[in-house]
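S.K.: Next up is a structure, given as structure tokens.
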Amino acid sequence: MKTSIIAAAAMMAAASWAGMGGAQAQAPQKVLRIAMTAADVPTTTGMPNNGYEGMRFLGYPVFESLVLWDLSSPDRLAGLRPGLAERWEQDPSDPKKWVFHLRRGVSFHDGAPFDADAVIWNMDRFFREGAPQAEAQGAAITRGRVAGLAAYRKIDDFTVEIETARPISYFPYLSVYILFASPKAWEDAGRDWAKVALAPAGTGPFRITRFVPRQSVELTRNDNYWDTARRAKLDRIVLMPVPEATARLAALRSGQVDWIEVPPPDGIPSLKQAGFQVVTNSYPHVWPWVFAAGKAGSPVADVRVRQALNYCFDREGLVGLLNGTAEPAVGFYNKSNPLFGKPQNTYGLDARRGKALLAEAGYGPQKPLKLVVGISTSGSGQMLPLPMNEALQESLREHCGVEVSFRTVEWNTLLGAQRAAPDQPAWLGADAVNISLVSSDPSQMARWFLGANAAPRGSNAGHWIDPAFDEAFRRIETTSDPAESQAAIRAAHERLVDGAPWLYVVHDLNPRAMSSRVTGFVSAQSWFQDLTRVDMK
């Protein structure tokens with residue numbers, strides 16, 4: 001993304017309201033300009049691509065789900081709150097069924113009512129093959145995130161039932177990834193999703209009012225938002241894709257934007273000295289290599305190799321490279337998490353142990369381990385993928401003689417691996433892919449690791465299959481006892497550490513930098529953030 005394009009988008013934002021007359025033109029506009037890490041504007045039809053950064057900026061601010069994240073506190077992991085459903089319950093006579101009671105009086109941005117018919121229309125869009133409104137890309141993303149859904153039906157105008165293939169105690173945590181768009185917008189666009197992208201309609205606190213592909217998208221406050229206490233303070237938000245970290249930094253320093261995602265770590269001290277805000281916080285993020293554990297013929301199909309690699313590199317060195325904006329990862333959860341458990345393996349740089357495990361697996365100086373890893377140039381949660389992967393490559397070579405080569409592609413291309421089996425072309429012929437992933441709750445653990453969710457049915461892209469892990473999850477999914485659930489989660493996490501389906505590298509601390517003019521931001525412990533609270537001086 002060149003600086004001239006950033007400037008053009010910023011000028012467009014400043015000028016887009018210049019022609020308005022009357023009192024509205026007299027009022028000063030509060031406009032927040034954000035530089036994202038994405039290489040392109042996320043899709044705007046109601047299920048954005050570009051991973052969770054797409055959901056952060058063009059998902060929840062515009063489109064909503066039956067259940068929403070509670071993003072009100074920086075001090076605890078984000079939980080759930082009612083959204084387009086006022087309440088929900090699991091059917092006591094059939095735990096595979098969930099009943100959602102819809103909120104009344106909600107309208108889409110185009111004035112169409114939100115009701116059970118709109119829910120079923122959107123469910124068909126994502127989950128029913130051959131539906132007239134089916135959208136291939138949105139369906140692929142949603143199905144990957146919401147595995148295990150079996151059926152759904154309308155009970156009455158404001159009640160729907162959703163059935164899962166097996167009892168899933170954490171289903172509300174999955175329902176947050178089903179977003180609802182206006183059926184009327186699709187009809188008005190001639191039933192053409194490409195045209196819907198120019199004038200979509202959700203129910204959220206912001207609406208899309210201008211979209212320039214590959215350049216910017218403009219969000220305007222929804223003055224009729226159903227949650228009156230959460231109506232936005234900003235008039236507009238302008239989102240711009242700026243994948244290069246140095247370009248984002250230059251745009252912030254020059255005043256072309258007010259907020260950047262993931263500032264380059266070496267620029268953070270000077271930003272603070274210049275009076276910019278740099279915000280960090282723990283959040284549920286893992287930056288791993290996802291191993292092709294179920295790929296026949298790959299070295300990483302051997303658990304000894306996967307464990308060895310977790311002993312063969314310097315996590316502390318990577319944290320230093322990132323100027324303290326991350327912390328070492330030695331499992332799916334942070335080691336301080338009470339659900340971490342007591343696995344047999346305690347990962348850290350231990351080259352002697354790593355080499356011994358590699359020798360057991362048949363690798364050594366005469367037959368060095370060689371790996372191919374798919375990586376991206378940027379992307380949602382990817383931090384600084386090129387220098388980080390180069391540092392990993394050097395550390396693995398230095399400490400254990402491992403030879404790593406990369407296949408580098410654009411972020412959305414790499415994301416295709418997340419929804420494919422490891423022997424498919426989307427995996428680029430690699431033994432691992434570097435895709436940053438979420439670790440917020442048991443639903444995500446199931447998503448990435450449960451045998452039943454092996455891609456393409458779900459997002460267990462590496463096809464790691466572990467019967468002990470699956471048995472622990474059966475207990476998690478069926479129990480209503482919190483103590484039993486937590487014990488089972490600990491047991492499952494111990495299997496994740498010892499089975500090493502990933503190379504656990506770091507947990508991100510989610511840095512973002514912004515002008516001193518930005519106020520009201522709360523850095524929630526979540527991939528997602530509440531933009532309604534943000535204001536501008």
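Residues in the structure tokens are numbered from 1 in each chain, the chains being A, B, ... in the order shown, and ligands are numbered from 1 in the order shown.
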Near Ser378 (chain A), within 7 Å and counting only C-alpha atoms, which residues show up once chain neighbours fewer than 3 positions away are dropped, as a list in words?
M.R.: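 Result of the neighbour search: Thr37, Ala38, Pro243, Gln382, Leu384, Pro385 and Trp411 of chain A.
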S.K.: As a list in words, please: the residues near region 314-318 of chain A (cut-off 8 Å, only C-alpha atoms, same-chain neighbours under 5 positions excluded).
M.R.: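 Listed by chain and then number, they are Glu327, Pro328, Ala329, Gly348, Leu349, Met388, Ala391, Leu392, Ser395, Val505 and Val506 of chain A.
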S.K.: Among region 3-243 of chain A, which ones does DSSP assign to strand (DSSP E) (computed from the backbone)? Answer as a PyMOL selection string.
M.R.: chain A and resi 31-36+67-70+79-82+85-90+97-102+149-156+159-164+206-212+216-221+236-241
S.K.: Excluding Phe340 (chain A) and its own-chain neighbours fewer than 5 positions away, which residues fall within 12 Å of it when counting only C-alpha atoms? Please give them as an MDAnalysis selection string.
M.R.: chainID A and resid 329:335 346 439 486:498
S.K.: Skip Leu179 (chain A) itself and residues of its chain fewer than 3 positions away, then list as an mmCIF file with all heavy atoms, in the first residue's frame all residues within 9 Å of it, counting only C-alpha atoms.
M.R.:
```cif
data_model
loop_
_atom_site.group_PDB
_atom_site.id
_atom_site.type_symbol
_atom_site.label_atom_id
_atom_site.label_comp_id
_atom_site.auth_asym_id
_atom_site.auth_seq_id
_atom_site.Cartn_x
_atom_site.Cartn_y
_atom_site.Cartn_z
ATOM 1 N N GLY A 46 -21.423 -8.949 4.528
ATOM 2 C CA GLY A 46 -22.017 -9.452 5.765
ATOM 3 C C GLY A 46 -21.304 -10.640 6.360
ATOM 4 O O GLY A 46 -21.692 -11.116 7.420
ATOM 5 N N MET A 47 -20.254 -11.124 5.720
ATOM 6 C CA MET A 47 -19.331 -12.092 6.321
ATOM 7 C C MET A 47 -17.962 -11.777 5.749
ATOM 8 O O MET A 47 -17.546 -12.311 4.725
ATOM 9 C CB MET A 47 -19.739 -13.532 6.012
ATOM 10 C CG MET A 47 -18.792 -14.581 6.613
ATOM 11 S SD MET A 47 -18.269 -14.250 8.322
ATOM 12 C CE MET A 47 -19.813 -14.420 9.207
ATOM 13 N N GLY A 59 -17.188 -6.629 10.367
ATOM 14 C CA GLY A 59 -18.160 -7.590 10.856
ATOM 15 C C GLY A 59 -19.066 -6.926 11.861
ATOM 16 O O GLY A 59 -20.045 -6.261 11.518
ATOM 17 N N TYR A 60 -18.708 -7.050 13.145
ATOM 18 C CA TYR A 60 -19.591 -6.618 14.228
ATOM 19 C C TYR A 60 -19.984 -5.139 14.224
ATOM 20 O O TYR A 60 -21.087 -4.818 14.662
ATOM 21 C CB TYR A 60 -18.965 -6.979 15.573
ATOM 22 C CG TYR A 60 -18.785 -8.470 15.767
ATOM 23 C CD1 TYR A 60 -17.531 -9.023 15.975
ATOM 24 C CD2 TYR A 60 -19.879 -9.328 15.725
ATOM 25 C CE1 TYR A 60 -17.358 -10.391 16.149
ATOM 26 C CE2 TYR A 60 -19.711 -10.701 15.892
ATOM 27 C CZ TYR A 60 -18.450 -11.225 16.109
ATOM 28 O OH TYR A 60 -18.289 -12.569 16.270
ATOM 29 N N PHE A 63 -22.686 -5.613 11.034
ATOM 30 C CA PHE A 63 -23.578 -6.766 11.070
ATOM 31 C C PHE A 63 -23.473 -7.419 12.455
ATOM 32 O O PHE A 63 -22.413 -7.399 13.063
ATOM 33 C CB PHE A 63 -23.190 -7.769 9.991
ATOM 34 C CG PHE A 63 -23.089 -7.154 8.619
ATOM 35 C CD1 PHE A 63 -21.878 -6.681 8.152
ATOM 36 C CD2 PHE A 63 -24.206 -7.037 7.806
ATOM 37 C CE1 PHE A 63 -21.770 -6.102 6.896
ATOM 38 C CE2 PHE A 63 -24.110 -6.461 6.547
ATOM 39 C CZ PHE A 63 -22.893 -5.986 6.083
ATOM 40 N N GLU A 64 -24.542 -8.033 12.897
ATOM 41 C CA GLU A 64 -24.542 -8.581 14.253
ATOM 42 C C GLU A 64 -24.990 -10.028 14.252
ATOM 43 O O GLU A 64 -25.515 -10.541 13.259
ATOM 44 C CB GLU A 64 -25.438 -7.734 15.160
ATOM 45 C CG GLU A 64 -24.929 -6.304 15.320
ATOM 46 C CD GLU A 64 -25.837 -5.468 16.189
ATOM 47 O OE1 GLU A 64 -27.026 -5.301 15.831
ATOM 48 O OE2 GLU A 64 -25.374 -4.979 17.236
ATOM 49 N N SER A 65 -24.794 -10.665 15.404
ATOM 50 C CA SER A 65 -25.168 -12.060 15.589
ATOM 51 C C SER A 65 -26.214 -12.159 16.691
ATOM 52 O O SER A 65 -26.499 -11.177 17.397
ATOM 53 C CB SER A 65 -23.934 -12.895 15.935
ATOM 54 O OG SER A 65 -23.172 -12.272 16.933
ATOM 55 N N LEU A 66 -26.768 -13.355 16.852
ATOM 56 C CA LEU A 66 -27.766 -13.557 17.902
ATOM 57 C C LEU A 66 -27.159 -13.314 19.280
ATOM 58 O O LEU A 66 -27.809 -12.778 20.180
ATOM 59 C CB LEU A 66 -28.329 -14.975 17.819
ATOM 60 C CG LEU A 66 -29.055 -15.341 16.518
ATOM 61 C CD1 LEU A 66 -29.497 -16.802 16.556
ATOM 62 C CD2 LEU A 66 -30.247 -14.426 16.279
ATOM 63 N N ASN A 122 -30.784 -16.010 6.305
ATOM 64 C CA ASN A 122 -29.329 -15.956 6.440
ATOM 65 C C ASN A 122 -28.733 -17.326 6.728
ATOM 66 O O ASN A 122 -27.645 -17.653 6.229
ATOM 67 C CB ASN A 122 -28.951 -14.973 7.549
ATOM 68 C CG ASN A 122 -28.923 -13.529 7.078
ATOM 69 O OD1 ASN A 122 -27.930 -13.059 6.537
ATOM 70 N ND2 ASN A 122 -30.037 -12.826 7.266
ATOM 71 N N THR A 142 -18.121 -19.129 7.257
ATOM 72 C CA THR A 142 -19.035 -19.403 8.370
ATOM 73 C C THR A 142 -19.033 -20.877 8.738
ATOM 74 O O THR A 142 -18.998 -21.242 9.922
ATOM 75 C CB THR A 142 -20.453 -18.934 8.026
ATOM 76 O OG1 THR A 142 -20.411 -17.555 7.642
ATOM 77 C CG2 THR A 142 -21.391 -19.088 9.208
ATOM 78 N N SER A 175 -22.214 -19.427 17.982
ATOM 79 C CA SER A 175 -23.255 -18.636 17.308
ATOM 80 C C SER A 175 -22.809 -17.206 17.039
ATOM 81 O O SER A 175 -23.367 -16.540 16.162
ATOM 82 C CB SER A 175 -24.541 -18.636 18.142
ATOM 83 O OG SER A 175 -24.391 -17.882 19.328
ATOM 84 N N VAL A 176 -21.795 -16.712 17.765
ATOM 85 C CA VAL A 176 -21.340 -15.340 17.539
ATOM 86 C C VAL A 176 -20.760 -15.149 16.140
ATOM 87 O O VAL A 176 -20.612 -14.010 15.681
ATOM 88 C CB VAL A 176 -20.291 -14.901 18.584
ATOM 89 C CG1 VAL A 176 -20.865 -14.904 19.977
ATOM 90 C CG2 VAL A 176 -19.043 -15.771 18.510
ATOM 91 N N GLY A 202 -26.829 -4.124 7.546
ATOM 92 C CA GLY A 202 -26.871 -4.953 8.732
ATOM 93 C C GLY A 202 -27.770 -4.317 9.768
ATOM 94 O O GLY A 202 -28.637 -3.500 9.436
#
```
S.K.: One decimal, in Å: what's the spacing between CA of Ala39 (chain A) and CA of Val242 (chain A)?
M.R.: 6.2 Å
S.K.: Nearest to Leu396 (chain A) among A:Asn310, A:Gln444, A:Ser523, A:Gln366, with distances taken over only C-alpha atoms: which residue is it?
M.R.: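 The closest residue to Leu396 (chain A) is A:Asn310.
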S.K.: Excluding Phe473 (chain A) and residues on its chain fewer than 5 positions from it, collect all residues at most 10 Å away from it, counting only C-alpha atoms, and give them as a count of residues only.
M.R.: 15
S.K.: Using Å and a single decimal, report how far CA of Lys370 (chain A) sits from CA of Glu403 (chain A).
M.R.: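 For CA of Glu403 (chain A) relative to CA of Lys370 (chain A), the distance reads 4.7 Å.
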S.K.: Report as a PyMOL selection string: the residues of region 159-258 of chain A with a DSSP assignment of helix (DSSP H, G or I), based on the backbone of this structure.
M.R.: chain A and resi 171-175+183-188+193-196+228-230+245-253
S.K.: Show me, as a list of chain:residue names, the residues that have an atom within 9 Å of Val279 (chain A) when counting only C-alpha atoms, minus same-chain residues fewer than 6 positions from it.
M.R.: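 Near neighbours after the sequence-gap exclusion: A:Asn510, A:Pro511, A:Arg512, A:Ala513, A:Met514, A:Ser523.
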S.K.: Write the residues you've just listed into a file as a PDB file, in the first residue's frame, and include N, CA and C atoms for each of them.
M.R.:
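Saved as out06.pdb:
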```pdb
ATOM      1  N   ASN A 510      -1.147  -7.640  21.256  1.00  0.00           N
ATOM      2  CA  ASN A 510      -2.136  -6.848  20.530  1.00  0.00           C
ATOM      3  C   ASN A 510      -1.831  -5.345  20.529  1.00  0.00           C
ATOM      4  N   PRO A 511      -0.633  -4.923  20.132  1.00  0.00           N
ATOM      5  CA  PRO A 511      -0.340  -3.488  20.145  1.00  0.00           C
ATOM      6  C   PRO A 511      -1.076  -2.736  19.044  1.00  0.00           C
ATOM      7  N   ARG A 512      -1.517  -1.547  19.373  1.00  0.00           N
ATOM      8  CA  ARG A 512      -2.030  -0.604  18.382  1.00  0.00           C
ATOM      9  C   ARG A 512      -1.625   0.787  18.839  1.00  0.00           C
ATOM     10  N   ALA A 513      -1.437   1.658  17.896  1.00  0.00           N
ATOM     11  CA  ALA A 513      -1.009   3.027  18.203  1.00  0.00           C
ATOM     12  C   ALA A 513      -2.029   3.999  17.636  1.00  0.00           C
ATOM     13  N   MET A 514      -2.219   5.110  18.349  1.00  0.00           N
ATOM     14  CA  MET A 514      -3.220   6.077  17.920  1.00  0.00           C
ATOM     15  C   MET A 514      -2.850   7.479  18.364  1.00  0.00           C
ATOM     16  N   SER A 523      -9.305  -1.461  25.502  1.00  0.00           N
ATOM     17  CA  SER A 523      -8.652  -2.598  24.854  1.00  0.00           C
ATOM     18  C   SER A 523      -9.164  -3.887  25.482  1.00  0.00           C
TER      19      SER A 523
END
```
S.K.: Of the candidates A:Phe171, A:Trp502, A:Leu71, A:Ile260, which shows the shortest atom-to-atom distance to Ile476 (chain A), using only C-alpha atoms?
M.R.: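 Closest to Ile476 (chain A), using only C-alpha atoms: A:Phe171.
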S.K.: Fewer than 6 positions away in the same chain doesn't count, so skip those; otherwise give me all residues within 6 Å of region 451-466 of chain A, counting only C-alpha atoms, as JSON, numbers by chain.
M.R.: {"A": [144, 147, 291, 292, 293, 294, 418, 419, 420, 421, 422]}
S.K.: Just write the chosen residues, all heavy atoms, as an mmCIF file, in the first residue's frame.
M.R.:
```cif
data_model
loop_
_atom_site.group_PDB
_atom_site.id
_atom_site.type_symbol
_atom_site.label_atom_id
_atom_site.label_comp_id
_atom_site.auth_asym_id
_atom_site.auth_seq_id
_atom_site.Cartn_x
_atom_site.Cartn_y
_atom_site.Cartn_z
ATOM 1 N N GLY A 144 -16.665 -22.989 8.341
ATOM 2 C CA GLY A 144 -15.410 -23.319 8.996
ATOM 3 C C GLY A 144 -15.396 -22.941 10.467
ATOM 4 O O GLY A 144 -14.748 -23.593 11.281
ATOM 5 N N ALA A 147 -18.715 -25.393 12.943
ATOM 6 C CA ALA A 147 -18.837 -26.806 12.602
ATOM 7 C C ALA A 147 -19.811 -27.477 13.566
ATOM 8 O O ALA A 147 -19.957 -27.064 14.712
ATOM 9 C CB ALA A 147 -17.478 -27.484 12.677
ATOM 10 N N PHE A 291 1.004 -27.619 12.205
ATOM 11 C CA PHE A 291 1.657 -28.751 11.558
ATOM 12 C C PHE A 291 0.661 -29.589 10.746
ATOM 13 O O PHE A 291 -0.487 -29.781 11.162
ATOM 14 C CB PHE A 291 2.313 -29.658 12.595
ATOM 15 C CG PHE A 291 3.530 -29.083 13.251
ATOM 16 C CD1 PHE A 291 3.643 -29.073 14.642
ATOM 17 C CD2 PHE A 291 4.581 -28.566 12.502
ATOM 18 C CE1 PHE A 291 4.774 -28.562 15.263
ATOM 19 C CE2 PHE A 291 5.718 -28.037 13.115
ATOM 20 C CZ PHE A 291 5.802 -28.040 14.495
ATOM 21 N N ALA A 292 1.144 -30.137 9.630
ATOM 22 C CA ALA A 292 0.376 -31.087 8.826
ATOM 23 C C ALA A 292 0.505 -32.471 9.470
ATOM 24 O O ALA A 292 1.019 -33.421 8.885
ATOM 25 C CB ALA A 292 0.878 -31.101 7.389
ATOM 26 N N ALA A 293 0.007 -32.578 10.705
ATOM 27 C CA ALA A 293 0.233 -33.785 11.512
ATOM 28 C C ALA A 293 -0.388 -35.024 10.899
ATOM 29 O O ALA A 293 0.087 -36.140 11.132
ATOM 30 C CB ALA A 293 -0.315 -33.560 12.920
ATOM 31 N N GLY A 294 -1.459 -34.856 10.138
ATOM 32 C CA GLY A 294 -2.122 -36.019 9.545
ATOM 33 C C GLY A 294 -1.751 -36.270 8.102
ATOM 34 O O GLY A 294 -2.404 -37.069 7.422
ATOM 35 N N GLN A 418 -6.541 -23.213 5.981
ATOM 36 C CA GLN A 418 -7.281 -23.436 7.216
ATOM 37 C C GLN A 418 -8.546 -24.245 6.979
ATOM 38 O O GLN A 418 -9.061 -24.887 7.894
ATOM 39 C CB GLN A 418 -7.637 -22.070 7.828
ATOM 40 C CG GLN A 418 -8.226 -22.124 9.216
ATOM 41 C CD GLN A 418 -8.505 -20.714 9.721
ATOM 42 O OE1 GLN A 418 -7.716 -19.800 9.549
ATOM 43 N NE2 GLN A 418 -9.651 -20.547 10.347
ATOM 44 N N ARG A 419 -9.051 -24.236 5.756
ATOM 45 C CA ARG A 419 -10.303 -24.920 5.436
ATOM 46 C C ARG A 419 -10.084 -26.146 4.553
ATOM 47 O O ARG A 419 -11.038 -26.663 3.961
ATOM 48 C CB ARG A 419 -11.263 -23.933 4.757
ATOM 49 C CG ARG A 419 -11.615 -22.743 5.627
ATOM 50 C CD ARG A 419 -12.656 -21.841 4.980
ATOM 51 N NE ARG A 419 -12.132 -21.061 3.885
ATOM 52 C CZ ARG A 419 -11.562 -19.858 4.030
ATOM 53 N NH1 ARG A 419 -11.428 -19.328 5.225
ATOM 54 N NH2 ARG A 419 -11.126 -19.187 2.980
ATOM 55 N N ALA A 420 -8.827 -26.605 4.453
ATOM 56 C CA ALA A 420 -8.508 -27.725 3.563
ATOM 57 C C ALA A 420 -7.703 -28.786 4.305
ATOM 58 O O ALA A 420 -7.021 -28.509 5.296
ATOM 59 C CB ALA A 420 -7.713 -27.228 2.352
ATOM 60 N N ALA A 421 -7.792 -30.013 3.828
ATOM 61 C CA ALA A 421 -6.960 -31.092 4.357
ATOM 62 C C ALA A 421 -5.505 -30.827 3.990
ATOM 63 O O ALA A 421 -5.219 -30.193 2.967
ATOM 64 C CB ALA A 421 -7.423 -32.429 3.796
ATOM 65 N N PRO A 422 -4.547 -31.308 4.794
ATOM 66 C CA PRO A 422 -3.140 -30.947 4.574
ATOM 67 C C PRO A 422 -2.522 -31.515 3.301
ATOM 68 O O PRO A 422 -1.422 -31.098 2.933
ATOM 69 C CB PRO A 422 -2.440 -31.487 5.825
ATOM 70 C CG PRO A 422 -3.341 -32.545 6.363
ATOM 71 C CD PRO A 422 -4.726 -32.104 6.025
#
```
S.K.: With the cut-off set at 9 Å and counting only C-alpha atoms, tabulate each residue of region 35-73 of chain A with an atom at most that distance from an atom of region 192-200 of chain A, showing the nearest atom pair and its distance in Å to one decimal, ordered by chain and increasing number, as CSV.
M.R.:
```
residue,atom,partner,partner_atom,distance
A:Thr43,CA,A:Ala197,CA,7.2
A:Thr44,CA,A:Ala197,CA,5.1
A:Thr45,CA,A:Ala197,CA,4.9
A:Gly46,CA,A:Pro200,CA,7.4
```
S.K.: Would you please work out which residue, of A:Val99, A:Val119, A:Ala232, A:Ala185, is nearest to Asp530 (chain A) when using only C-alpha atoms?
M.R.: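 Result for the nearest residue to Asp530 (chain A): A:Ala232.
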S.K.: Which residue, A:Arg533, A:Arg353, A:Arg306, A:Lys272, has the smallest gap to Arg253 (chain A) when you use only C-alpha atoms?
M.R.: A:Lys272
S.K.: Suppose you want the space between CA of Leu84 (chain A) and CA of Met123 (chain A); what is it in Å?
M.R.: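 Taking CA of Leu84 (chain A) as the start and CA of Met123 (chain A) as the end point, the length is 14.2 Å.
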S.K.: With distances taken over only C-alpha atoms, which residue among A:Val409, A:Ile155, A:Ile178, A:Ala432 lies nearest Ala140 (chain A)?
M.R.: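 Smallest separation from Ala140 (chain A) among the options: A:Ile178.
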S.K.: Would you please work out which residue, of A:Leu219, A:Ala139, A:Leu339, A:Ala326, is nearest to Trp287 (chain A) when using only C-alpha atoms?
M.R.: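 Smallest separation from Trp287 (chain A) among the options: A:Ala326.
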